[in-house]
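Okay, final02.txt is below, compact mmCIF, C-alpha atoms:
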# COMPACT_ATOMS: atom_id res chain seq x y z
CA MET A 1 137.77 218.07 155.70
CA ILE A 2 137.32 214.98 157.91
CA VAL A 3 139.38 215.06 161.08
CA THR A 4 141.02 211.69 161.86
CA GLU A 5 143.36 212.86 164.63
CA VAL A 6 143.12 215.58 167.24
CA GLU A 7 145.58 217.31 169.50
CA ILE A 8 144.85 216.47 173.12
CA GLY A 9 147.59 218.64 174.57
CA GLY A 10 151.07 219.91 173.87
CA THR A 11 152.68 216.48 173.77
CA LYS A 12 149.91 214.12 172.76
CA ARG A 13 147.69 213.55 169.76
CA GLY A 14 144.89 211.01 169.58
CA ARG A 15 143.32 209.13 166.72
CA ILE A 16 139.53 209.36 166.41
CA ALA A 17 137.86 205.95 166.60
CA TYR A 18 134.28 204.74 166.27
CA SER A 19 132.04 202.31 168.11
CA PHE A 20 129.23 200.27 166.57
CA ASP A 21 126.78 202.91 167.81
CA ASP A 22 128.57 205.51 165.67
CA ILE A 23 127.96 203.78 162.34
CA ALA A 24 125.04 202.61 160.20
CA LEU A 25 124.65 200.41 157.11
CA VAL A 26 123.68 201.86 153.74
CA PRO A 27 121.20 199.90 151.56
CA THR A 28 122.07 199.17 147.95
CA ARG A 29 119.73 199.65 144.98
CA ARG A 30 118.35 196.11 145.43
CA THR A 31 116.65 194.20 148.21
CA ARG A 32 116.12 190.48 148.77
CA ASN A 33 113.81 188.13 150.62
CA PRO A 34 115.29 187.08 153.98
CA GLU A 35 114.74 183.44 152.93
CA ASP A 36 117.18 183.98 150.04
CA VAL A 37 120.21 185.03 152.10
CA SER A 38 122.79 182.76 153.72
CA THR A 39 124.27 183.23 157.18
CA ASN A 40 126.50 180.15 156.86
CA TRP A 41 129.98 180.49 158.32
CA LYS A 42 132.90 178.11 157.87
CA ILE A 43 136.18 178.17 159.79
CA ASP A 44 138.83 175.60 158.98
CA ALA A 45 136.94 172.34 158.29
CA TYR A 46 133.88 173.24 160.37
CA ASP A 47 130.59 174.59 159.04
CA PHE A 48 128.01 176.53 161.04
CA SER A 49 124.55 177.82 160.17
CA PHE A 50 125.18 181.27 161.65
CA PRO A 51 128.27 183.33 162.64
CA ILE A 52 127.38 183.88 166.30
CA MET A 53 129.70 182.20 168.80
CA ALA A 54 128.54 181.77 172.39
CA ALA A 55 131.18 183.38 174.59
CA PRO A 56 133.21 181.30 177.08
CA MET A 57 131.54 182.70 180.17
CA ASP A 58 130.06 180.67 183.01
CA SER A 59 126.85 182.70 182.93
CA VAL A 60 126.38 181.78 179.25
CA VAL A 61 127.80 178.34 178.44
CA SER A 62 127.54 175.03 180.28
CA PRO A 63 128.27 171.65 178.67
CA ASP A 64 124.53 171.19 178.12
CA VAL A 65 124.17 174.64 176.56
CA ALA A 66 127.18 173.96 174.31
CA ILE A 67 125.51 170.76 173.11
CA ASN A 68 122.16 172.43 172.46
CA TYR A 69 123.82 175.39 170.75
CA GLY A 70 125.77 173.05 168.50
CA LYS A 71 122.63 171.15 167.55
CA LEU A 72 121.02 174.47 166.61
CA GLY A 73 123.87 175.08 164.16
CA GLY A 74 126.20 177.34 166.13
CA LEU A 75 129.48 177.17 168.04
CA ALA A 76 129.55 177.59 171.81
CA VAL A 77 132.84 177.90 173.69
CA LEU A 78 133.20 176.46 177.20
CA ASP A 79 135.43 178.29 179.69
CA LEU A 80 137.93 175.72 180.98
CA GLU A 81 138.86 177.98 183.88
CA GLY A 82 135.26 178.28 185.03
CA LEU A 83 133.08 176.49 187.53
CA TRP A 84 132.59 173.44 185.32
CA THR A 85 136.26 172.47 185.68
CA ARG A 86 136.59 173.43 189.33
CA TYR A 87 133.55 171.61 190.72
CA GLU A 88 132.10 168.19 189.92
CA ASP A 89 128.63 169.68 190.33
CA PRO A 90 128.75 173.50 190.40
CA GLN A 91 124.99 174.05 190.75
CA SER A 92 125.28 175.10 194.40
CA GLU A 93 127.90 177.68 193.43
CA PHE A 94 125.62 179.11 190.75
CA LYS A 95 122.87 179.41 193.36
CA LYS A 96 125.19 181.35 195.66
CA ILE A 97 125.97 183.79 192.84
CA ALA A 98 122.28 184.12 191.95
CA ASN A 99 121.44 185.02 195.54
CA ALA A 100 124.39 187.35 196.12
CA LYS A 101 123.82 191.03 196.79
CA SER A 102 125.40 193.33 194.25
CA ASN A 103 127.79 194.95 196.74
CA SER A 104 129.34 191.59 197.67
CA ALA A 105 129.03 189.65 194.40
CA VAL A 106 132.60 190.17 193.16
CA GLU A 107 134.09 189.15 196.50
CA LEU A 108 131.93 186.02 196.43
CA LEU A 109 133.13 185.24 192.89
CA GLN A 110 136.73 185.53 194.04
CA GLN A 111 136.07 183.02 196.80
CA ILE A 112 134.18 180.55 194.60
CA TYR A 113 136.75 180.68 191.79
CA SER A 114 139.65 180.13 194.20
CA ALA A 115 138.96 176.38 193.98
CA PRO A 116 141.63 174.69 191.83
CA ILE A 117 141.04 173.59 188.24
CA LYS A 118 140.87 169.82 187.95
CA PRO A 119 142.49 168.39 184.78
CA GLU A 120 140.19 165.36 184.90
CA LEU A 121 137.16 167.68 184.72
CA ILE A 122 138.63 169.45 181.68
CA LYS A 123 138.72 166.09 179.89
CA GLU A 124 135.28 165.07 181.14
CA ARG A 125 133.54 168.28 179.99
CA ILE A 126 135.09 168.21 176.51
CA LYS A 127 134.28 164.54 176.05
CA GLN A 128 130.71 165.20 177.20
CA ILE A 129 130.24 167.76 174.43
CA LYS A 130 131.93 165.60 171.78
CA SER A 131 129.90 162.53 172.73
CA ALA A 132 126.74 164.45 171.81
CA GLY A 133 127.96 164.70 168.24
CA VAL A 134 128.63 168.44 168.12
CA ILE A 135 131.83 170.41 167.59
CA ALA A 136 133.65 170.90 170.89
CA ALA A 137 135.25 174.30 171.48
CA ALA A 138 136.77 175.49 174.74
CA SER A 139 138.98 178.30 175.96
CA LEU A 140 141.90 178.96 178.26
CA SER A 141 143.63 182.23 179.11
CA PRO A 142 147.26 182.62 177.98
CA ARG A 143 148.57 182.04 181.49
CA ALA A 144 146.67 178.76 181.79
CA VAL A 145 147.49 177.29 178.38
CA VAL A 146 150.94 175.93 179.23
CA LYS A 147 149.62 174.24 182.36
CA HIS A 148 146.42 172.69 180.98
CA PHE A 149 146.63 172.36 177.19
CA LYS A 150 147.68 168.68 177.34
CA SER A 151 144.40 167.79 179.05
CA VAL A 152 142.55 169.72 176.34
CA VAL A 153 144.33 167.91 173.52
CA GLU A 154 143.95 164.48 175.13
CA ALA A 155 140.19 165.06 175.38
CA GLY A 156 140.01 165.57 171.61
CA ILE A 157 139.09 169.25 171.39
CA ASP A 158 137.94 170.36 167.93
CA ILE A 159 138.56 174.12 168.17
CA PHE A 160 140.83 175.63 170.82
CA VAL A 161 140.33 179.26 171.92
CA ILE A 162 143.02 181.27 173.72
CA ARG A 163 141.19 184.28 175.08
CA GLY A 164 142.29 187.09 177.35
CA SER A 165 141.84 190.81 177.78
CA THR A 166 144.89 191.24 175.57
CA VAL A 167 146.76 188.40 173.88
CA SER A 168 150.11 188.96 172.22
CA ALA A 169 152.06 186.73 169.85
CA GLU A 170 154.37 185.93 172.73
CA HIS A 171 153.08 186.06 176.30
CA VAL A 172 156.04 187.01 178.48
CA SER A 173 156.13 185.92 182.11
CA THR A 174 158.98 185.89 184.63
CA GLY A 175 157.09 183.58 186.99
CA ASP A 176 155.78 180.89 184.65
CA GLU A 177 156.93 179.26 181.44
CA PRO A 178 156.24 181.80 178.66
CA LEU A 179 153.72 180.98 175.95
CA ASN A 180 155.13 181.29 172.46
CA LEU A 181 151.97 181.23 170.36
CA LYS A 182 153.71 180.62 167.06
CA LYS A 183 155.49 177.52 168.35
CA PHE A 184 152.44 176.34 170.27
CA ILE A 185 149.99 176.64 167.36
CA TYR A 186 152.46 175.05 164.95
CA GLU A 187 152.69 171.96 167.17
CA LEU A 188 148.96 171.77 167.87
CA ASP A 189 146.92 169.80 165.36
CA VAL A 190 143.62 171.69 165.80
CA PRO A 191 142.48 175.15 164.67
CA VAL A 192 143.21 177.84 167.25
CA ILE A 193 141.36 181.12 167.74
CA VAL A 194 143.31 183.76 169.69
CA GLY A 195 142.61 187.21 171.10
CA GLY A 196 141.79 189.85 172.03
CA CYS A 197 143.56 192.47 170.07
CA ALA A 198 142.53 195.92 168.95
CA SER A 199 144.97 197.19 166.32
CA HIS A 200 146.25 196.43 162.84
CA GLN A 201 149.73 195.55 164.07
CA ALA A 202 148.58 193.35 166.96
CA GLY A 203 146.13 191.54 164.70
CA LEU A 204 148.82 190.96 162.06
CA HIS A 205 151.18 189.52 164.66
CA LEU A 206 148.52 187.08 165.87
CA MET A 207 147.76 186.02 162.29
CA ARG A 208 151.44 185.24 161.76
CA THR A 209 151.31 182.71 164.60
CA GLY A 210 149.21 180.41 162.43
CA ALA A 211 145.89 181.11 164.17
CA ALA A 212 142.72 180.18 162.31
CA GLY A 213 140.88 183.13 163.82
CA VAL A 214 141.63 186.33 165.73
CA LEU A 215 139.35 187.83 168.37
CA VAL A 216 139.00 191.60 168.19
CA GLY A 217 138.15 193.42 171.40
CA PHE A 218 138.42 192.64 175.07
CA GLY A 219 135.23 190.61 175.51
CA GLY A 220 133.18 191.07 178.64
CA GLY A 221 130.68 193.55 177.24
CA ALA A 222 127.94 194.37 179.73
CA ALA A 223 129.88 192.81 182.62
CA HIS A 224 133.24 194.38 181.78
CA THR A 225 134.82 197.26 183.74
CA THR A 226 138.28 197.28 182.16
CA ALA A 227 137.85 200.88 181.02
CA ASP A 228 137.17 201.97 184.62
CA VAL A 229 139.91 199.85 186.22
CA LEU A 230 142.71 200.01 183.65
CA GLY A 231 141.71 202.88 181.40
CA VAL A 232 141.74 200.53 178.41
CA ARG A 233 138.85 200.65 175.94
CA VAL A 234 138.27 199.53 172.36
CA PRO A 235 135.91 201.43 170.01
CA MET A 236 134.86 198.30 168.18
CA ALA A 237 133.94 199.55 164.69
CA THR A 238 137.43 200.98 164.21
CA ALA A 239 139.15 198.00 165.84
CA VAL A 240 137.37 195.46 163.62
CA ALA A 241 138.11 197.47 160.47
CA ASP A 242 141.79 197.75 161.45
CA VAL A 243 142.19 194.02 162.03
CA ALA A 244 140.24 193.25 158.85
CA ALA A 245 142.81 195.38 157.00
CA ALA A 246 145.54 193.31 158.65
CA ARG A 247 143.79 190.18 157.38
CA ARG A 248 143.97 191.51 153.83
CA GLU A 249 147.67 192.31 154.26
CA TYR A 250 148.36 188.86 155.70
CA LEU A 251 146.41 187.22 152.88
CA ASP A 252 148.92 188.71 150.42
CA GLU A 253 151.89 188.06 152.68
CA SER A 254 151.00 184.38 153.18
CA GLU A 255 149.99 183.87 149.54
CA GLY A 256 146.37 183.10 150.25
CA ARG A 257 145.99 182.02 153.88
CA TYR A 258 142.71 183.47 155.22
CA VAL A 259 142.39 184.20 158.94
CA HIS A 260 138.93 184.82 160.38
CA VAL A 261 138.25 188.06 162.23
CA ILE A 262 135.81 187.63 165.14
CA ALA A 263 134.35 190.64 166.95
CA ASP A 264 134.47 189.96 170.70
CA GLY A 265 132.97 192.82 172.66
CA SER A 266 130.16 195.41 172.46
CA VAL A 267 127.96 192.96 170.54
CA GLY A 268 124.91 193.22 172.74
CA LYS A 269 122.07 193.57 170.23
CA SER A 270 121.22 192.15 166.84
CA GLY A 271 122.14 195.36 165.02
CA ASP A 272 125.68 195.11 166.40
CA ILE A 273 126.11 191.75 164.66
CA SER A 274 125.39 193.12 161.18
CA LYS A 275 127.54 196.18 161.88
CA ALA A 276 130.47 194.02 163.01
CA ILE A 277 130.31 191.99 159.80
CA ALA A 278 129.96 195.18 157.76
CA MET A 279 133.22 196.41 159.27
CA GLY A 280 134.96 193.21 158.18
CA ALA A 281 134.27 190.57 160.82
CA ASP A 282 133.56 187.00 159.75
CA ALA A 283 131.75 186.18 162.99
CA VAL A 284 130.96 187.60 166.42
CA MET A 285 131.34 186.41 170.00
CA VAL A 286 128.18 187.04 172.04
CA GLY A 287 127.69 186.89 175.79
CA SER A 288 124.99 189.10 177.31
CA ALA A 289 122.31 188.36 174.71
CA LEU A 290 122.66 184.61 175.26
CA ALA A 291 122.92 184.99 179.04
CA ARG A 292 119.23 185.94 178.91
CA SER A 293 118.11 182.47 177.78
CA ASN A 294 116.19 180.32 180.23
CA SER A 295 118.83 177.60 179.89
CA ALA A 296 121.82 179.87 180.61
CA PRO A 297 123.69 178.69 183.74
CA GLY A 298 123.64 182.19 185.26
CA GLY A 299 119.86 182.24 185.49
CA GLY A 300 119.67 185.78 184.12
CA LYS A 301 122.78 187.04 185.91
CA HIS A 302 125.88 187.68 183.87
CA TRP A 303 129.59 187.90 184.60
CA GLY A 304 132.90 187.23 182.88
CA SER A 305 136.25 185.79 183.85
CA GLU A 306 137.60 189.31 184.41
CA ALA A 307 135.35 189.64 187.46
CA VAL A 308 136.99 186.76 189.33
CA HIS A 309 140.60 187.96 189.29
CA LYS A 310 141.97 187.47 192.80
CA ASP A 311 143.91 190.76 192.91
CA LEU A 312 142.33 193.13 190.41
CA PRO A 313 138.81 192.23 189.24
CA ARG A 314 137.72 194.07 186.09
CA GLY A 315 134.13 192.97 185.87
CA GLN A 316 130.91 192.72 187.80
CA VAL A 317 127.79 190.62 188.14
CA VAL A 318 124.94 192.24 186.25
CA GLU A 319 121.24 191.37 186.41
CA LEU A 320 119.92 190.85 182.87
CA GLY A 321 116.86 188.73 183.55
CA VAL A 322 115.46 185.95 181.38
CA ALA A 323 114.13 186.88 177.93
CA GLY A 324 113.21 183.51 176.41
CA THR A 325 114.51 180.17 175.25
CA LEU A 326 117.83 179.81 173.48
CA GLU A 327 115.93 179.01 170.27
CA GLN A 328 113.85 182.18 170.63
CA ILE A 329 116.91 184.35 171.23
CA LEU A 330 118.55 182.95 168.12
CA PHE A 331 115.61 182.40 165.77
CA GLY A 332 112.59 184.16 167.28
CA PRO A 333 109.85 185.00 167.23
CA SER A 334 110.73 188.24 168.95
CA THR A 335 108.30 189.78 171.39
CA ASN A 336 110.10 193.12 171.66
CA ALA A 337 111.72 195.71 169.41
CA GLU A 338 114.96 195.99 171.39
CA GLY A 339 117.24 193.79 169.28
CA THR A 340 117.65 191.13 171.97
CA LEU A 341 115.60 188.33 170.38
CA ASN A 342 115.79 186.59 166.98
CA LEU A 343 119.46 187.45 166.43
CA VAL A 344 119.82 185.28 163.34
CA GLY A 345 116.54 186.51 161.88
CA ALA A 346 117.64 190.11 162.37
CA LEU A 347 120.94 189.43 160.59
CA LYS A 348 119.06 187.87 157.67
CA GLN A 349 116.69 190.84 157.53
CA ALA A 350 119.61 193.29 157.58
CA MET A 351 121.26 191.42 154.71
CA ALA A 352 117.99 191.28 152.77
CA THR A 353 117.24 194.97 153.34
CA THR A 354 120.68 196.03 152.15
CA GLY A 355 120.73 193.60 149.21
CA TYR A 356 123.50 191.17 150.17
CA SER A 357 123.20 187.41 149.84
CA ASP A 358 125.98 186.11 152.12
CA LEU A 359 128.37 187.23 154.83
CA LYS A 360 131.33 187.86 152.54
CA GLU A 361 129.19 190.17 150.44
CA LEU A 362 127.97 192.03 153.53
CA GLN A 363 131.59 192.84 154.42
CA ARG A 364 131.70 195.05 151.31
CA ILE A 365 128.69 197.17 152.26
CA GLU A 366 128.92 200.95 152.42
CA VAL A 367 128.63 202.42 155.91
CA VAL A 368 128.10 205.93 157.21
CA VAL A 369 129.23 207.66 160.37
CA ASN A 370 126.28 209.05 162.29
CA SER A 371 128.19 212.20 163.23
CA VAL A 372 131.79 213.13 162.50
CA LYS A 373 133.80 213.55 165.68
CA SER A 374 136.00 216.60 165.89
Kindly return the structure encoded in the file as structure tokens.
Amino acid sequence: MIVTEVEIGGTKRGRIAYSFDDIALVPTRRTRNPEDVSTNWKIDAYDFSFPIMAAPMDSVVSPDVAINYGKLGGLAVLDLEGLWTRYEDPQSEFKKIANAKSNSAVELLQQIYSAPIKPELIKERIKQIKSAGVIAAASLSPRAVVKHFKSVVEAGIDIFVIRGSTVSAEHVSTGDEPLNLKKFIYELDVPVIVGGCASHQAGLHLMRTGAAGVLVGFGGGAAHTTADVLGVRVPMATAVADVAAARREYLDESEGRYVHVIADGSVGKSGDISKAIAMGADAVMVGSALARSNSAPGGGKHWGSEAVHKDLPRGQVVELGVAGTLEQILFGPSTNAEGTLNLVGALKQAMATTGYSDLKELQRIEVVVNSVKS
């Protein structure tokens, strides 16, 4: 008998959930050549060569990185609450972070990010990416959307991402104008990706807003300390499978409208990408792996927006080092066996080894649990 729920104490029971580390893919009876599989991903009207989004984190994505990433066939998301919209030239701020000691890094981030966001820089950064001929994607947190979305729309954004630790269908605030996602997305004439969420019900609610994609997880990954600060944690294999089930329910409910599920968190190595898709994700959001490129703005250091909160930071600056070029991280060749280089090649090899020809097929793969929790 497989235990799915356990009694924690006299008044509380808990559901057992699984992380990507807890599962593994099961090969079929056939194999394929890696050259014969497709990693193409399409969301709304936009096509990409691989399903790996570059996370909206200052240590990962700059306008130049977004352009290069787009030319390589992927989608990079620029953080519109980051340094690139607070400073005309943020290079000196990046240098301060690079030179900061670990025990004072978060305090330094709070000081640097206290500079106001400039609407004219939001427009300038988006137009810079679009002028290079690639798809422009950028993100705001729920609390910043109402204040800055007009600048985003006026700049001609292609894909708009609303990303926070937790995003609900209606963000309630007594201090600011509340964000009603359903009304907002209905009136916005571009595809919107929203998240994070971690349950079937939360995912279903976000899908009903009209979102083109839903982020599963809380992002942050290696630089995230939400579990320590708030006690909130998402075992990603279970979370992705739950929201993928919500997608199937919504597909029936909406009579055929497909919403993309994007794993956003705990995707640190190439094996996590194939596992996320196996659990039902259409794509993944990656931060730490791409922060190791020699063109990443953080120069080998990595942090997320959670680390800069003025009252309750939930992240840190971590030293990852530089592993190679952006092209090498995505397409190889790999010089180690750690799963940090040649992410796309590893995904193709996983698909070939298990016998699946495209991403939708890989979602149907059999998986096993490494050890049953009880």
Quick one: residues within 10 Å of (123.9, 184.4, 155.8) (file frame), counting only C-alpha atoms, please, as a compact mmCIF listing (two decimals) with C-alpha atoms, in the coordinates of the input.
# COMPACT_ATOMS: atom_id res chain seq x y z
CA PRO A 34 115.29 187.08 153.98
CA GLU A 35 114.74 183.44 152.93
CA ASP A 36 117.18 183.98 150.04
CA VAL A 37 120.21 185.03 152.10
CA SER A 38 122.79 182.76 153.72
CA THR A 39 124.27 183.23 157.18
CA ASN A 40 126.50 180.15 156.86
CA TRP A 41 129.98 180.49 158.32
CA SER A 49 124.55 177.82 160.17
CA PHE A 50 125.18 181.27 161.65
CA PRO A 51 128.27 183.33 162.64
CA VAL A 344 119.82 185.28 163.34
CA GLY A 345 116.54 186.51 161.88
CA LEU A 347 120.94 189.43 160.59
CA LYS A 348 119.06 187.87 157.67
CA GLN A 349 116.69 190.84 157.53
CA MET A 351 121.26 191.42 154.71
CA ALA A 352 117.99 191.28 152.77
CA TYR A 356 123.50 191.17 150.17
CA SER A 357 123.20 187.41 149.84
CA ASP A 358 125.98 186.11 152.12
CA LEU A 359 128.37 187.23 154.83
CA LYS A 360 131.33 187.86 152.54
CA GLU A 361 129.19 190.17 150.44
CA LEU A 362 127.97 192.03 153.53
* To do: Find, counting all atoms listed in the file, the residue in A:Arg29, A:Lys118, A:Arg208, A:Arg163 that gets nearest to His148 (chain A).
  =>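 Nearest to His148 (chain A): A:Lys118.
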* To do: Identify, on the basis of all atoms listed in the file, every residue whose closest approach to Leu83 (chain A) does not exceed 8 Å; exclude the query and any residue fewer than 5 positions from it along the same chain; express the result as a list in words.
  =>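 The neighbour list is Asp58, Pro90, Glu93 and Tyr113 of chain A.
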* Asked: Which residues, written as a VMD selection string, have at least one atom at most 7 Å from region 94-108 of chain A, with all atoms listed in the file counted and residues fewer than 6 positions away on the same chain left out?
  -> chain A and resid 298 301 307 to 308 316 to 317
* Determine the nearest neighbour of Asn294 (chain A) from the options A:Ala45, A:Val60, A:Met279, A:Ala337, counting all atoms listed in the file. =>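 The shortest atom-to-atom distance to Asn294 (chain A) comes from A:Val60.
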* Please measure the separation of CA of Ala239 (chain A) and CA of Ala202 (chain A), giving the value in Å to one decimal. =>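 Separation of CA of Ala239 (chain A) and CA of Ala202 (chain A): 10.6 Å.
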* To do: Measure the distance from CA of Gln328 (chain A) to CA of Ile43 (chain A) in Å and round it to one decimal.
  =>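 So the two atoms, CA of Gln328 (chain A) and CA of Ile43 (chain A), lie 25.1 Å apart.
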* To do: Record the distance separating CA of Thr325 (chain A) and CA of Ser295 (chain A), expressed in Å with one decimal.
  =>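 That distance, rounded to one decimal, is 6.8 Å.
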* **Spatial sel., origin (119.5, 189.4, 165.4), limit 9 Å, all atoms listed in the file, listed as a VMD selection string** => chain A and resid 269 to 274 329 to 332 339 to 350
Contacts of Ser371 (chain A) at 9 Å (only C-alpha atoms; same-chain gap of 3+ positions) as an mmCIF file with C-alpha atoms, in the coordinates of the input:
data_model
loop_
_atom_site.group_PDB
_atom_site.id
_atom_site.type_symbol
_atom_site.label_atom_id
_atom_site.label_comp_id
_atom_site.auth_asym_id
_atom_site.auth_seq_id
_atom_site.Cartn_x
_atom_site.Cartn_y
_atom_site.Cartn_z
ATOM 1 C CA ASP A 22 128.570 205.510 165.670
ATOM 2 C CA ILE A 23 127.960 203.780 162.340
ATOM 3 C CA VAL A 368 128.100 205.930 157.210
#
Proximity of region 41-73 of chain A to region 119-131 of chain A: per-residue shortest pair, 9 Å limit, only C-alpha atoms, as a tab-separated table:
residue	atom	partner	partner_atom	distance
A:Pro63	CA	A:Ile129	CA	6.1
A:Asp64	CA	A:Ile129	CA	7.6
A:Ala66	CA	A:Ile129	CA	6.9
A:Ile67	CA	A:Ile129	CA	5.8
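Between Arg257 (chain A) and the residues A:Arg314, A:Gly217, A:Thr353, A:Gly210, the shortest atom-to-atom distance, using all atoms listed in the file, involves A:Gly210.
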* Would you please work out which residue, of A:Val234, A:Leu290, A:Ile162, A:Val367, is nearest to Ala212 (chain A) when using only C-alpha atoms? => A:Ile162
